[in-house]
file upload.pdb (PDB, C-alpha atoms, pLDDT in the B column)
ATOM      1  CA  MET A   1      86.936 114.836 293.347  1.00 96.00           C
ATOM      2  CA  GLN A   2      85.274 114.005 290.053  1.00 97.00           C
ATOM      3  CA  TYR A   3      83.679 116.675 287.889  1.00 98.00           C
ATOM      4  CA  MET A   4      81.371 116.219 284.935  1.00 97.00           C
ATOM      5  CA  VAL A   5      82.214 118.561 282.067  1.00 97.00           C
ATOM      6  CA  LEU A   6      79.024 118.851 279.990  1.00 96.00           C
ATOM      7  CA  ILE A   7      79.360 120.267 276.485  1.00 95.00           C
ATOM      8  CA  TYR A   8      76.368 122.087 275.011  1.00 93.00           C
ATOM      9  CA  GLN A   9      76.054 123.379 271.476  1.00 90.00           C
ATOM     10  CA  ASN A  10      73.358 124.629 269.162  1.00 89.00           C
ATOM     11  CA  GLU A  11      72.800 121.777 266.705  1.00 87.00           C
ATOM     12  CA  SER A  12      71.414 124.195 264.111  1.00 84.00           C
ATOM     13  CA  ASN A  13      75.012 125.438 263.707  1.00 86.00           C
ATOM     14  CA  ASP A  14      76.371 121.965 262.874  1.00 84.00           C
ATOM     15  CA  GLY A  15      76.634 122.831 259.170  1.00 86.00           C
ATOM     16  CA  LEU A  16      78.959 125.697 260.009  1.00 88.00           C
ATOM     17  CA  MET A  17      81.408 123.556 261.984  1.00 89.00           C
ATOM     18  CA  ASP A  18      84.799 122.418 260.679  1.00 92.00           C
ATOM     19  CA  TRP A  19      84.274 118.849 261.897  1.00 92.00           C
ATOM     20  CA  PRO A  20      87.711 117.481 260.918  1.00 95.00           C
ATOM     21  CA  GLN A  21      89.433 120.303 262.835  1.00 95.00           C
ATOM     22  CA  LEU A  22      87.052 120.036 265.766  1.00 94.00           C
ATOM     23  CA  GLY A  23      87.626 116.274 265.954  1.00 94.00           C
ATOM     24  CA  LYS A  24      91.379 116.898 266.026  1.00 97.00           C
ATOM     25  CA  ASP A  25      90.936 119.516 268.759  1.00 97.00           C
ATOM     26  CA  TYR A  26      88.881 117.124 270.916  1.00 96.00           C
ATOM     27  CA  ARG A  27      91.386 114.278 270.432  1.00 97.00           C
ATOM     28  CA  GLU A  28      94.189 116.604 271.539  1.00 98.00           C
ATOM     29  CA  TYR A  29      92.169 117.790 274.544  1.00 97.00           C
ATOM     30  CA  ALA A  30      91.376 114.224 275.601  1.00 97.00           C
ATOM     31  CA  ALA A  31      95.010 113.160 275.142  1.00 98.00           C
ATOM     32  CA  ALA A  32      96.173 116.081 277.308  1.00 98.00           C
ATOM     33  CA  ALA A  33      93.696 115.091 280.023  1.00 98.00           C
ATOM     34  CA  VAL A  34      94.955 111.494 279.882  1.00 98.00           C
ATOM     35  CA  ARG A  35      98.587 112.643 280.099  1.00 98.00           C
ATOM     36  CA  ALA A  36      97.717 114.836 283.081  1.00 98.00           C
ATOM     37  CA  GLY A  37      96.043 111.867 284.798  1.00 98.00           C
ATOM     38  CA  VAL A  38      92.648 113.571 285.171  1.00 98.00           C
ATOM     39  CA  MET A  39      90.637 111.716 282.494  1.00 98.00           C
ATOM     40  CA  ARG A  40      88.064 109.289 283.881  1.00 98.00           C
ATOM     41  CA  GLY A  41      85.772 109.055 280.863  1.00 97.00           C
ATOM     42  CA  GLY A  42      83.979 110.891 278.128  1.00 95.00           C
ATOM     43  CA  GLU A  43      81.919 110.386 275.019  1.00 94.00           C
ATOM     44  CA  ARG A  44      80.291 112.270 272.192  1.00 92.00           C
ATOM     45  CA  LEU A  45      76.507 111.907 272.076  1.00 93.00           C
ATOM     46  CA  GLN A  46      74.161 111.303 269.170  1.00 92.00           C
ATOM     47  CA  PRO A  47      72.108 114.380 268.112  1.00 88.00           C
ATOM     48  CA  SER A  48      69.196 115.328 270.355  1.00 86.00           C
ATOM     49  CA  ALA A  49      66.746 113.949 267.767  1.00 85.00           C
ATOM     50  CA  ALA A  50      67.905 110.472 268.873  1.00 90.00           C
ATOM     51  CA  ALA A  51      67.006 111.200 272.522  1.00 88.00           C
ATOM     52  CA  ALA A  52      64.020 109.911 274.419  1.00 88.00           C
ATOM     53  CA  THR A  53      62.703 111.401 277.642  1.00 85.00           C
ATOM     54  CA  VAL A  54      61.088 109.177 280.284  1.00 89.00           C
ATOM     55  CA  THR A  55      58.814 110.286 283.097  1.00 88.00           C
ATOM     56  CA  VAL A  56      56.714 108.233 285.503  1.00 94.00           C
ATOM     57  CA  ARG A  57      53.587 109.789 286.957  1.00 95.00           C
ATOM     58  CA  ASP A  58      51.096 107.870 289.091  1.00 96.00           C
ATOM     59  CA  GLY A  59      52.888 104.650 288.163  1.00 96.00           C
ATOM     60  CA  GLU A  60      52.505 105.249 284.429  1.00 96.00           C
ATOM     61  CA  ARG A  61      55.556 105.534 282.194  1.00 96.00           C
ATOM     62  CA  LEU A  62      55.513 108.235 279.542  1.00 92.00           C
ATOM     63  CA  VAL A  63      58.178 108.222 276.831  1.00 93.00           C
ATOM     64  CA  THR A  64      58.595 111.309 274.673  1.00 88.00           C
ATOM     65  CA  ASP A  65      60.849 111.554 271.640  1.00 87.00           C
ATOM     66  CA  GLY A  66      63.535 114.173 271.897  1.00 75.00           C
ATOM     67  CA  PRO A  67      65.363 115.918 274.707  1.00 69.00           C
ATOM     68  CA  PHE A  68      63.747 117.076 277.954  1.00 65.00           C
ATOM     69  CA  ALA A  69      63.918 120.779 277.176  1.00 63.00           C
ATOM     70  CA  ASP A  70      63.329 122.516 273.894  1.00 60.00           C
ATOM     71  CA  ALA A  71      66.337 124.781 274.180  1.00 66.00           C
ATOM     72  CA  GLY A  72      68.709 126.512 271.793  1.00 76.00           C
ATOM     73  CA  ASP A  73      71.654 124.424 272.998  1.00 85.00           C
ATOM     74  CA  GLN A  74      71.710 120.652 273.251  1.00 88.00           C
ATOM     75  CA  LEU A  75      73.982 118.355 275.247  1.00 91.00           C
ATOM     76  CA  GLY A  76      76.519 117.058 272.744  1.00 92.00           C
ATOM     77  CA  GLY A  77      79.008 115.196 274.908  1.00 95.00           C
ATOM     78  CA  PHE A  78      80.781 114.984 278.230  1.00 97.00           C
ATOM     79  CA  PHE A  79      84.008 114.283 280.030  1.00 97.00           C
ATOM     80  CA  VAL A  80      84.465 113.022 283.570  1.00 98.00           C
ATOM     81  CA  LEU A  81      87.611 114.498 285.098  1.00 98.00           C
ATOM     82  CA  GLU A  82      89.276 113.781 288.434  1.00 98.00           C
ATOM     83  CA  CYS A  83      90.524 117.153 289.683  1.00 98.00           C
ATOM     84  CA  MET A  84      91.923 118.381 292.959  1.00 98.00           C
ATOM     85  CA  ASN A  85      89.347 121.168 293.211  1.00 97.00           C
ATOM     86  CA  LEU A  86      86.815 123.231 291.289  1.00 97.00           C
ATOM     87  CA  ASP A  87      89.456 125.685 290.091  1.00 97.00           C
ATOM     88  CA  GLU A  88      91.370 122.892 288.344  1.00 98.00           C
ATOM     89  CA  ALA A  89      88.125 121.565 286.819  1.00 98.00           C
ATOM     90  CA  LEU A  90      87.309 125.053 285.530  1.00 97.00           C
ATOM     91  CA  GLU A  91      90.764 125.314 283.960  1.00 97.00           C
ATOM     92  CA  TRP A  92      90.160 122.048 282.092  1.00 98.00           C
ATOM     93  CA  ALA A  93      86.682 123.226 281.057  1.00 97.00           C
ATOM     94  CA  ALA A  94      88.143 126.409 279.596  1.00 97.00           C
ATOM     95  CA  ARG A  95      90.574 124.294 277.543  1.00 97.00           C
ATOM     96  CA  CYS A  96      87.704 122.154 276.160  1.00 97.00           C
ATOM     97  CA  PRO A  97      87.086 122.883 272.448  1.00 96.00           C
ATOM     98  CA  GLY A  98      83.356 123.146 273.184  1.00 94.00           C
ATOM     99  CA  ALA A  99      83.947 126.305 275.204  1.00 95.00           C
ATOM    100  CA  GLY A 100      84.901 128.038 271.945  1.00 92.00           C
ATOM    101  CA  HIS A 101      81.694 127.236 270.057  1.00 89.00           C
ATOM    102  CA  GLY A 102      79.146 126.418 272.721  1.00 90.00           C
ATOM    103  CA  THR A 103      78.804 126.296 276.491  1.00 93.00           C
ATOM    104  CA  VAL A 104      80.629 124.043 278.927  1.00 95.00           C
ATOM    105  CA  GLU A 105      79.015 123.300 282.291  1.00 96.00           C
ATOM    106  CA  VAL A 106      81.119 121.946 285.157  1.00 97.00           C
ATOM    107  CA  ARG A 107      79.313 119.987 287.846  1.00 96.00           C
ATOM    108  CA  PRO A 108      80.773 117.999 290.766  1.00 97.00           C
ATOM    109  CA  VAL A 109      79.860 114.320 290.761  1.00 97.00           C
ATOM    110  CA  MET A 110      78.068 113.269 293.941  1.00 95.00           C
ATOM    111  CA  PRO A 111      80.312 110.917 295.943  1.00 88.00           C
ATOM    112  CA  THR A 112      78.887 107.435 296.385  1.00 86.00           C
TER     113      THR A 112
END

call {"tool": "encode", "arguments": {"input": "upload.pdb", "output": "structure tokens"}}
result
Amino acid sequence: MQYMVLIYQNESNDGLMDWPQLGKDYREYAAAAVRAGVMRGGERLQPSAAAATVTVRDGERLVTDGPFADAGDQLGGFFVLECMNLDEALEWAARCPGAGHGTVEVRPVMPT
């Protein structure tokens, strides 16, 4: 089963991050997932200021700059992992560097 590992962080803390080390940590995490055969995809996202939110009400499209929710943490990136079960997905989520400085959500991908 595939699981989406969503990485949230508070962008106001970006200036406090050791980006070279964090980049190294994420490359190592991704390489380990590839070696284990669970990696199906993943990307880092642009800051939430680059987001646009789209809604359609009564046939009218409304586009708003920014993320959907004004929250302390913003979605910063994701991985898609193929795991045998939720427990394995949670183990990979705990190994994700984002778990050490933000929040990592694990969500099963709906089968098609």

call {"tool": "resolve_selection", "arguments": {"input": "upload.pdb", "expression": "the PyMOL selection byres ((chain A and resi 79) around 9)", "output": "list in words"}}
result
Tyr3, Met4, Val5, Leu6, Ile7, Ala30, Met39, Arg40, Gly41, Gly42, Glu43, Arg44, Gly77, Phe78, Val80 and Leu81 of chain A

call {"tool": "resolve_selection", "arguments": {"input": "upload.pdb", "expression": "the PyMOL selection byres ((chain A and resi 105) around 12)", "output": "PyMOL selection string"}}
result
chain A and resi 3-9+73-80+86+89-90+92-94+96+98-99+102-104+106-108

call {"tool": "residues_around", "arguments": {"input": "upload.pdb", "residues": "A:Asp65", "least_positions_apart": "6", "cutoff": "8 Å", "atoms": "only C-alpha atoms", "output": "VMD selection string"}}
result
chain A and resid 49 to 53

call {"tool": "write_last_selection", "arguments": {"input": "upload.pdb", "atoms": "C-alpha atoms", "output": "PDB file, keeping the file's coordinate frame"}}
result
ATOM      1  CA  ALA A  49      66.746 113.949 267.767  1.00 85.00           C
ATOM      2  CA  ALA A  50      67.905 110.472 268.873  1.00 90.00           C
ATOM      3  CA  ALA A  51      67.006 111.200 272.522  1.00 88.00           C
ATOM      4  CA  ALA A  52      64.020 109.911 274.419  1.00 88.00           C
ATOM      5  CA  THR A  53      62.703 111.401 277.642  1.00 85.00           C
TER       6      THR A  53
END

call {"tool": "axis_aligned_box", "arguments": {"input": "upload.pdb", "around": "stretch 53-66 of chain A", "padding_each_side": "4 Å", "output": "AutoDock Vina command-line options"}}
result
--center_x 57.3 --center_y 109.4 --center_z 280.4 --size_x 20.4 --size_y 17.5 --size_z 25.5

call {"tool": "atom_distance", "arguments": {"input": "upload.pdb", "atom1": "atom CA of A:Tyr26", "atom2": "atom CA of A:His101"}}
result
12.4 Å

call {"tool": "closest_residue", "arguments": {"input": "upload.pdb", "among": "A:Pro111, A:Pro97, A:Gly59, A:Gly72", "to": "A:Glu28", "atoms": "only C-alpha atoms"}}
result
A:Pro97

call {"tool": "atom_distance", "arguments": {"input": "upload.pdb", "atom1": "atom CA of A:Arg95", "atom2": "atom CA of A:Tyr29"}}
result
7.3 Å

call {"tool": "closest_residue", "arguments": {"input": "upload.pdb", "among": "A:Glu88, A:Glu60, A:Val109, A:Pro47", "to": "A:Asp14", "atoms": "only C-alpha atoms"}}
result
A:Pro47

call {"tool": "atom_distance", "arguments": {"input": "upload.pdb", "atom1": "atom CA of A:Gln46", "atom2": "atom CA of A:Glu11"}}
result
10.8 Å

call {"tool": "closest_residue", "arguments": {"input": "upload.pdb", "among": "A:Thr112, A:Asp87, A:Gly100, A:Asp58", "to": "A:Leu22", "atoms": "all atoms listed in the file"}}
result
A:Gly100

call {"tool": "closest_residue", "arguments": {"input": "upload.pdb", "among": "A:Glu82, A:Thr64, A:Gln21, A:Gln2", "to": "A:Val34", "atoms": "only C-alpha atoms"}}
result
A:Glu82

call {"tool": "decode", "arguments": {"input": "upload.pdb", "residues": "chain A", "atoms": "C-alpha atoms", "output": "compact mmCIF listing (two decimals), in the first residue's frame"}}
result
# COMPACT_ATOMS: atom_id res chain seq x y z
CA MET A 1 0.00 0.00 0.00
CA GLN A 2 1.18 3.52 -0.71
CA TYR A 3 1.41 6.14 2.02
CA MET A 4 1.87 9.87 1.65
CA VAL A 5 4.35 11.28 4.16
CA LEU A 6 3.53 14.99 4.47
CA ILE A 7 6.14 17.22 6.07
CA TYR A 8 4.95 20.35 7.87
CA GLN A 9 7.14 23.06 9.34
CA ASN A 10 6.78 26.58 10.63
CA GLU A 11 8.26 28.76 7.89
CA SER A 12 8.96 31.54 10.39
CA ASN A 13 11.73 29.28 11.76
CA ASP A 14 13.47 28.97 8.37
CA GLY A 15 16.21 31.41 9.43
CA LEU A 16 17.12 29.13 12.31
CA MET A 17 17.59 26.04 10.14
CA ASP A 18 20.98 24.60 9.17
CA TRP A 19 19.95 24.16 5.53
CA PRO A 20 23.15 22.46 4.31
CA GLN A 21 22.87 19.84 7.08
CA LEU A 22 19.14 19.44 6.59
CA GLY A 23 19.63 18.96 2.85
CA LYS A 24 22.21 16.26 3.57
CA ASP A 25 19.83 14.59 6.03
CA TYR A 26 16.99 14.54 3.48
CA ARG A 27 19.27 13.17 0.73
CA GLU A 28 20.35 10.37 3.07
CA TYR A 29 16.75 9.64 4.05
CA ALA A 30 15.64 9.50 0.41
CA ALA A 31 18.60 7.29 -0.52
CA ALA A 32 17.75 4.89 2.31
CA ALA A 33 14.14 4.72 1.12
CA VAL A 34 15.33 3.99 -2.43
CA ARG A 35 17.69 1.26 -1.19
CA ALA A 36 14.86 -0.28 0.82
CA GLY A 37 12.63 -0.28 -2.28
CA VAL A 38 9.86 1.82 -0.69
CA MET A 39 10.42 5.16 -2.46
CA ARG A 40 7.75 6.03 -5.03
CA GLY A 41 8.25 9.79 -5.17
CA GLY A 42 8.79 12.96 -3.25
CA GLU A 43 9.54 16.63 -3.65
CA ARG A 44 10.26 19.75 -1.67
CA LEU A 45 7.67 22.50 -2.13
CA GLN A 46 8.08 26.23 -2.66
CA PRO A 47 7.19 28.37 0.41
CA SER A 48 3.50 28.81 1.16
CA ALA A 49 3.65 32.39 -0.15
CA ALA A 50 3.89 30.85 -3.64
CA ALA A 51 0.65 28.88 -3.13
CA ALA A 52 -2.73 29.65 -4.59
CA THR A 53 -6.01 28.26 -3.31
CA VAL A 54 -8.89 27.55 -5.71
CA THR A 55 -12.54 27.14 -4.81
CA VAL A 56 -15.60 26.94 -7.03
CA ARG A 57 -18.93 28.07 -5.64
CA ASP A 58 -22.09 28.34 -7.74
CA GLY A 59 -19.99 27.79 -10.85
CA GLU A 60 -17.68 30.71 -10.08
CA ARG A 61 -13.96 30.15 -9.59
CA LEU A 62 -12.28 32.02 -6.76
CA VAL A 63 -8.48 32.07 -6.56
CA THR A 64 -6.84 33.26 -3.36
CA ASP A 65 -3.13 33.83 -2.90
CA GLY A 66 -1.54 31.71 -0.22
CA PRO A 67 -2.31 28.40 1.43
CA PHE A 68 -5.80 27.21 2.37
CA ALA A 69 -5.34 27.58 6.11
CA ASP A 70 -3.55 30.30 8.00
CA ALA A 71 -1.74 27.94 10.33
CA GLY A 72 1.52 27.95 12.24
CA ASP A 73 2.88 25.05 10.18
CA GLN A 74 2.96 24.90 6.40
CA LEU A 75 3.30 21.92 4.07
CA GLY A 76 6.93 21.93 2.97
CA GLY A 77 7.28 18.68 1.07
CA PHE A 78 6.22 15.07 0.74
CA PHE A 79 7.29 11.54 0.04
CA VAL A 80 5.20 8.72 -1.38
CA LEU A 81 6.28 5.40 0.10
CA GLU A 82 5.17 1.87 -0.74
CA CYS A 83 4.99 0.04 2.60
CA MET A 84 3.62 -3.29 3.70
CA ASN A 85 1.46 -1.70 6.40
CA LEU A 86 0.89 1.41 8.48
CA ASP A 87 3.47 0.36 11.07
CA GLU A 88 6.21 0.31 8.42
CA ALA A 89 5.05 3.69 7.08
CA LEU A 90 5.18 5.13 10.61
CA GLU A 91 8.72 3.81 11.04
CA TRP A 92 9.79 5.62 7.86
CA ALA A 93 7.98 8.78 8.99
CA ALA A 94 9.86 8.74 12.28
CA ARG A 95 13.15 8.52 10.35
CA CYS A 96 12.20 11.56 8.20
CA PRO A 97 14.32 14.62 9.10
CA GLY A 98 11.14 16.71 9.22
CA ALA A 99 9.97 14.81 12.29
CA GLY A 100 12.84 16.43 14.21
CA HIS A 101 11.93 20.04 13.42
CA GLY A 102 8.29 19.95 12.39
CA THR A 103 5.41 17.51 12.07
CA VAL A 104 5.12 14.53 9.75
CA GLU A 105 1.66 13.29 8.79
CA VAL A 106 1.22 9.80 7.35
CA ARG A 107 -1.84 9.19 5.21
CA PRO A 108 -2.74 6.12 3.12
CA VAL A 109 -3.18 6.82 -0.58
CA MET A 110 -6.63 5.84 -1.84
CA PRO A 111 -6.31 2.88 -4.23
CA THR A 112 -7.44 3.62 -7.77
